[in-house]
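Please read the structure below before turning to the comments.
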Amino acid sequence: MKHPIWFCLSLLAGLQILIVSNLEAADSVYQYNSSSPLLGDITGYTKTDLTLKRGTKSVKIPANEVERVRWDGEPPQLNIARNQERNGNYAAALEQYKKSQAGGSANLKKDLQFMIARATTKSAQSDAAALDNAIKMLDAFIKANGDHYQYYPATKLLGEAYLAKKDYAAANKAFSTLETSPWKDYQMDAKNLKARVLLAQGNVNGALAAFNAVAKMDAKSESELAGKRAAQLGGAWCLQKEGKPKEAIKKLDEIIKSANSQQSALLAEAYLRKGDCYRELGESKEALIAYLHIDVLFPSEPAVHAEALYRLSTLWGKVQKPERGVEARAVLQQQYPNSEWTQKAARS
């Protein structure tokens with residue numbers, strides 16, 4: 001007996017609803033090296049991996065490969081909040097993260113604790129007054145979640161917050177913990193960040209040696225290559241500080257050419273250092289072009305963007321366009337009212 005067409009269509013629609021329902025009921029693990037998530041039930045995690053049950057099989061996903069997790073039952077607006085954080089709109093992201101704390105599973109609440117601390121730390125890049133609160137949040141998360149899959153990312157953020165606060169001993173302690181992770185890319189990050197501590201302390205030779213050691217390491221994965229580029233960027237910064245801006249520019253151009261377009265933080269800083277080098281050489285037009293790359297392409301990197309806006313506000317007048325300098329200063333004051341660069345602009 002043949003089924004009528006309406007019956008077949010109804011059956012297909014029912015199957016689609018069942019499939020969609022099953023997908024929505026699953027946890028979703030998004031990885032850096034994949035465009036689509038893995039769906040299943042997360043049955044456990046440690047600071048080094050997630051265990052995902054898919055049907056009758058379980059797979060372990062290394063924690064350093066996890067970009068984010070969408071937990072079963074989480075509010076859909078959380079994805080919007082994540083995008084807001086990714087785009088540098090930290091105030092809006094924090095507002096939504098905090099609202100979402102009211103419900104959800106214990107796993108989601110732990111993730112939200114981390115995401116709130118992360119967004120607060122990123123916001124503090126352009127508002128140093130928020131650093132103490134960011135450190136407090138990260139420290140609380142780490143102490144309460146020593147075996148969480150975000151343990152090492154939280155530790156890295158904590159070290160960076162201490163570095164921004166100029167508490168170099170605490171920063172090095174956090175980076176030493178990061179260096180104990182089982183992954184080469186995280187170890188490279190830790191070594192690069194320790195080199196930045198040396199640079200912040202004025203030890204340019206020591207920092208350059210440390211950066212060069214990382215730059216010479218073998219790298220296979222994209223994240224390891226990113227670590228090499230970060231080391232090369234640090235080395236270029238050291239050359240600039242040694243009074244060798246032309247050599248630094250050459251290295252910076254190589255980094256910009258080879259970097260993955262998704263490495264926004266690295267690219268933004270590379271253009272910032274390039275602008276600084278040209279400014280030191282008295283080449284205002286070339287410096288402007290470098291800083292403009294940040295304003296146009298990387299406004300989601302607040303610390304670098306604020307500094308670039310300040311530089312633009314002082315350089316436009318040197319190419320007979322003072323009105324553009326006034327515009328840059330207005331944007332700086334509006335977007336980063338608590339930044340050190342806004343305060344510097346007000347004094348000049």
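Ordered as shown in the structure tokens, chains take letters A, B, and onward, while each chain numbers its residues from 1 and ligands are numbered from 1 in the order shown.
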Query raised in the report: Just asking: which residues within range 48-258 of chain A are strand (DSSP E) according to DSSP, as a PyMOL selection string?
Result: chain A and resi 49-54+57-62+66-70
Requested in this report: Please identify all polymer residues within 10 Å of range 233-239 of chain A, counting only C-alpha atoms, omitting same-chain residues fewer than 5 positions from it, and present them as number ranges by chain.
Outcome: A: 192-193, 195-196, 199, 203-212, 215, 227-228, 244-252, 254-256, 266-267, 269-270, 273-274, 276-277
Residue subset to file, keeping N, CA, C and O atoms, as a compact mmCIF listing (two decimals), in the first residue's frame:
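File out23.txt, as written:
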# COMPACT_ATOMS: atom_id res chain seq x y z
N ASN A 192 57.28 33.16 26.15
CA ASN A 192 57.15 34.50 25.56
C ASN A 192 56.73 35.53 26.61
O ASN A 192 57.22 36.66 26.63
N LEU A 193 55.80 35.13 27.46
CA LEU A 193 55.30 36.05 28.47
C LEU A 193 56.36 36.33 29.54
O LEU A 193 56.47 37.45 30.04
N ALA A 195 59.47 36.43 28.86
CA ALA A 195 60.36 37.36 28.17
C ALA A 195 59.80 38.79 28.24
O ALA A 195 60.55 39.76 28.38
N ARG A 196 58.49 38.91 28.18
CA ARG A 196 57.87 40.24 28.28
C ARG A 196 58.04 40.82 29.69
O ARG A 196 58.14 42.04 29.84
N LEU A 199 61.43 42.28 29.61
CA LEU A 199 61.41 43.53 28.85
C LEU A 199 60.80 44.65 29.67
O LEU A 199 61.31 45.78 29.66
N ASN A 203 65.27 44.68 31.04
CA ASN A 203 66.32 43.73 30.66
C ASN A 203 66.13 43.36 29.18
O ASN A 203 65.65 42.27 28.85
N VAL A 204 66.53 44.26 28.30
CA VAL A 204 66.30 44.06 26.87
C VAL A 204 67.10 42.88 26.33
O VAL A 204 66.59 42.05 25.57
N ASN A 205 68.36 42.76 26.74
CA ASN A 205 69.20 41.65 26.26
C ASN A 205 68.65 40.30 26.69
O ASN A 205 68.61 39.35 25.91
N GLY A 206 68.24 40.23 27.94
CA GLY A 206 67.67 38.98 28.45
C GLY A 206 66.37 38.63 27.74
O GLY A 206 66.12 37.47 27.40
N ALA A 207 65.54 39.64 27.50
CA ALA A 207 64.27 39.42 26.81
C ALA A 207 64.51 38.96 25.37
O ALA A 207 63.87 38.02 24.89
N LEU A 208 65.46 39.59 24.69
CA LEU A 208 65.76 39.23 23.30
C LEU A 208 66.25 37.79 23.21
O LEU A 208 65.83 37.04 22.31
N ALA A 209 67.09 37.40 24.14
CA ALA A 209 67.60 36.02 24.14
C ALA A 209 66.45 35.03 24.36
O ALA A 209 66.39 33.97 23.72
N ALA A 210 65.53 35.39 25.26
CA ALA A 210 64.39 34.51 25.56
C ALA A 210 63.45 34.42 24.36
O ALA A 210 62.98 33.33 24.00
N PHE A 211 63.18 35.55 23.72
CA PHE A 211 62.33 35.54 22.53
C PHE A 211 62.97 34.73 21.40
O PHE A 211 62.30 33.93 20.73
N ASN A 212 64.27 34.93 21.20
CA ASN A 212 64.96 34.21 20.13
C ASN A 212 64.95 32.71 20.35
O ASN A 212 64.88 31.93 19.39
N ALA A 215 61.61 31.55 19.19
CA ALA A 215 61.52 31.68 17.72
C ALA A 215 62.24 30.56 17.00
O ALA A 215 61.90 30.21 15.86
N GLY A 227 52.91 30.91 18.37
CA GLY A 227 53.89 31.16 19.42
C GLY A 227 55.21 31.65 18.85
O GLY A 227 55.86 32.54 19.42
N LYS A 228 55.62 31.09 17.71
CA LYS A 228 56.85 31.55 17.06
C LYS A 228 56.71 33.00 16.59
O LYS A 228 57.63 33.82 16.75
N LYS A 244 67.23 50.25 16.94
CA LYS A 244 67.37 49.70 15.59
C LYS A 244 66.00 49.62 14.91
O LYS A 244 65.52 48.52 14.57
N PRO A 245 65.32 50.75 14.72
CA PRO A 245 63.96 50.72 14.18
C PRO A 245 63.86 50.16 12.76
O PRO A 245 62.86 49.51 12.43
N LYS A 246 64.85 50.39 11.92
CA LYS A 246 64.78 49.89 10.55
C LYS A 246 64.83 48.36 10.53
O LYS A 246 64.08 47.71 9.77
N GLU A 247 65.69 47.77 11.36
CA GLU A 247 65.74 46.30 11.47
C GLU A 247 64.42 45.76 12.02
O GLU A 247 63.93 44.73 11.58
N ALA A 248 63.86 46.49 12.99
CA ALA A 248 62.60 46.07 13.60
C ALA A 248 61.47 46.08 12.57
O ALA A 248 60.66 45.16 12.51
N ILE A 249 61.42 47.14 11.75
CA ILE A 249 60.37 47.24 10.73
C ILE A 249 60.44 46.07 9.75
O ILE A 249 59.41 45.50 9.37
N LYS A 250 61.63 45.70 9.37
CA LYS A 250 61.81 44.57 8.45
C LYS A 250 61.22 43.30 9.05
O LYS A 250 60.50 42.54 8.36
N LYS A 251 61.50 43.04 10.32
CA LYS A 251 60.96 41.85 10.98
C LYS A 251 59.45 41.94 11.15
O LYS A 251 58.73 40.95 10.99
N LEU A 252 58.95 43.13 11.47
CA LEU A 252 57.51 43.32 11.65
C LEU A 252 56.76 43.08 10.35
O LEU A 252 55.68 42.48 10.35
N GLU A 254 57.64 41.06 8.01
CA GLU A 254 57.65 39.60 7.80
C GLU A 254 56.56 38.94 8.64
O GLU A 254 55.87 38.02 8.17
N ILE A 255 56.39 39.41 9.87
CA ILE A 255 55.37 38.86 10.77
C ILE A 255 53.98 39.14 10.21
O ILE A 255 53.11 38.26 10.16
N ILE A 256 53.74 40.38 9.81
CA ILE A 256 52.43 40.78 9.27
C ILE A 256 52.09 39.95 8.03
O ILE A 256 50.94 39.54 7.84
N LEU A 266 48.04 39.78 17.80
CA LEU A 266 49.41 39.84 17.31
C LEU A 266 49.55 40.86 16.19
O LEU A 266 50.48 41.67 16.18
N LEU A 267 48.62 40.85 15.24
CA LEU A 267 48.69 41.78 14.12
C LEU A 267 48.54 43.23 14.57
O LEU A 267 49.24 44.12 14.10
N GLU A 269 49.32 44.49 17.47
CA GLU A 269 50.56 44.94 18.13
C GLU A 269 51.69 45.12 17.12
O GLU A 269 52.51 46.04 17.25
N ALA A 270 51.72 44.27 16.09
CA ALA A 270 52.76 44.42 15.06
C ALA A 270 52.64 45.77 14.36
O ALA A 270 53.65 46.46 14.13
N ARG A 273 53.84 48.54 16.85
CA ARG A 273 55.30 48.65 16.91
C ARG A 273 55.87 49.25 15.62
O ARG A 273 56.84 50.02 15.65
N LYS A 274 55.27 48.89 14.51
CA LYS A 274 55.71 49.45 13.23
C LYS A 274 55.49 50.96 13.21
O LYS A 274 56.38 51.72 12.78
N ASP A 276 55.37 52.88 15.82
CA ASP A 276 56.34 53.46 16.76
C ASP A 276 57.71 53.62 16.10
O ASP A 276 58.39 54.63 16.29
N CYS A 277 58.11 52.62 15.32
CA CYS A 277 59.42 52.68 14.66
C CYS A 277 59.48 53.82 13.65
O CYS A 277 60.46 54.58 13.61
Can you list every residue of range 26-140 of chain A that has an atom at most 10 Å from range 168-190 of chain A, with its nearest atom pair and the distance in Å to one decimal, using only C-alpha atoms, ordered by chain then number, as a Markdown table?
| residue | atom | partner | partner_atom | distance |
| --- | --- | --- | --- | --- |
| A:Lys47 | CA | A:Ser181 | CA | 9.1 |
| A:Thr48 | CA | A:Pro182 | CA | 7.8 |
| A:Pro62 | CA | A:Trp183 | CA | 9.2 |
| A:Ala63 | CA | A:Trp183 | CA | 9.6 |
| A:Asn64 | CA | A:Trp183 | CA | 7.5 |
Requested in this report: Would you return as a ChimeraX atom specification the members of range 279-339 of chain A that DSSP assigns to helix (DSSP H, G or I) on this structure's backbone?
Outcome: /A:279-280,284-297,302-319,322-335
Could the residues in this selection be saved with C-alpha atoms as a CSV table (one decimal), in the first residue's frame?
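result.csv was written with the following content:
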chain,number,residue,atom,x,y,z
A,279,ARG,CA,57.6,57.7,14.4
A,280,GLU,CA,61.1,57.4,15.9
A,284,SER,CA,55.0,60.7,10.2
A,285,LYS,CA,53.1,59.6,7.1
A,286,GLU,CA,54.3,55.9,7.3
A,287,ALA,CA,53.6,56.0,11.1
A,288,LEU,CA,50.0,57.2,10.4
A,289,ILE,CA,49.4,54.4,7.9
A,290,ALA,CA,50.5,51.8,10.5
A,291,TYR,CA,48.3,53.2,13.3
A,292,LEU,CA,45.4,53.6,10.9
A,293,HIS,CA,45.5,49.8,10.3
A,294,ILE,CA,44.7,49.3,13.9
A,295,ASP,CA,41.9,51.8,14.0
A,296,VAL,CA,40.3,50.3,10.9
A,297,LEU,CA,41.0,46.6,11.3
A,302,PRO,CA,41.3,47.9,23.3
A,303,ALA,CA,44.7,48.5,24.8
A,304,VAL,CA,46.4,48.7,21.4
A,305,HIS,CA,43.5,50.6,19.8
A,306,ALA,CA,43.6,53.2,22.6
A,307,GLU,CA,47.3,53.8,22.1
A,308,ALA,CA,46.9,54.0,18.3
A,309,LEU,CA,44.2,56.6,18.7
A,310,TYR,CA,46.4,58.7,20.9
A,311,ARG,CA,49.3,58.5,18.4
A,312,LEU,CA,46.9,59.4,15.6
A,313,SER,CA,45.7,62.4,17.5
A,314,THR,CA,49.2,63.7,17.7
A,315,LEU,CA,50.4,62.8,14.2
A,316,TRP,CA,47.6,64.2,12.0
A,317,GLY,CA,48.7,67.7,12.6
A,318,LYS,CA,52.1,66.9,11.2
A,319,VAL,CA,50.6,66.1,7.8
A,322,PRO,CA,44.7,68.7,12.5
A,323,GLU,CA,40.9,68.2,12.3
A,324,ARG,CA,41.5,64.4,11.9
A,325,GLY,CA,43.6,64.6,15.1
A,326,VAL,CA,40.7,66.2,16.9
A,327,GLU,CA,38.4,63.4,15.7
A,328,ALA,CA,40.8,60.7,16.9
A,329,ARG,CA,41.0,62.3,20.3
A,330,ALA,CA,37.2,62.5,20.5
A,331,VAL,CA,36.9,58.7,19.7
A,332,LEU,CA,39.6,58.0,22.3
A,333,GLN,CA,37.8,59.9,25.0
A,334,GLN,CA,34.4,58.3,24.1
A,335,GLN,CA,35.5,54.7,23.8
Report summary line: Taken to one decimal, the CA of Tyr336 in chain A-CA of Ala164 in chain A distance is 16.6 Å
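For the atom pair formed by CA of Asp111 in chain A and CA of Lys165 in chain A, the distance is 25.2 Å, given to one decimal.
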Report task. Using only C-alpha atoms, determine which residues lie at most 8 Å from Gln150 in chain A, disregarding the query and same-chain residues fewer than 2 positions distant; provide the list as an MDAnalysis selection string. Result -> chainID A and resid 47 63 114 148 152:154
Show me a table, sorted first by chain and then by increasing residue number, of the residues of range 88-190 of chain A having an atom at most 10 Å from range 41-46 of chain A, each with its shortest atom pair and the distance in Å to one decimal, counting only C-alpha atoms and written as a tab-separated table.
residue	atom	partner	partner_atom	distance
A:Asn107	CA	A:Ile42	CA	9.7
A:Asn145	CA	A:Thr46	CA	9.5
A:Gly146	CA	A:Thr46	CA	8.5
A:Asp147	CA	A:Thr46	CA	4.8
A:His148	CA	A:Thr46	CA	5.3
A:Tyr149	CA	A:Thr46	CA	5.5
A:Gln150	CA	A:Thr46	CA	9.0
A:Tyr151	CA	A:Thr46	CA	8.8
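Residues lying within 7 Å of Tyr32 in chain A, counting only C-alpha atoms and ignoring same-chain neighbours fewer than 3 positions away, are Glu65, Val66 and Glu67 of chain A.
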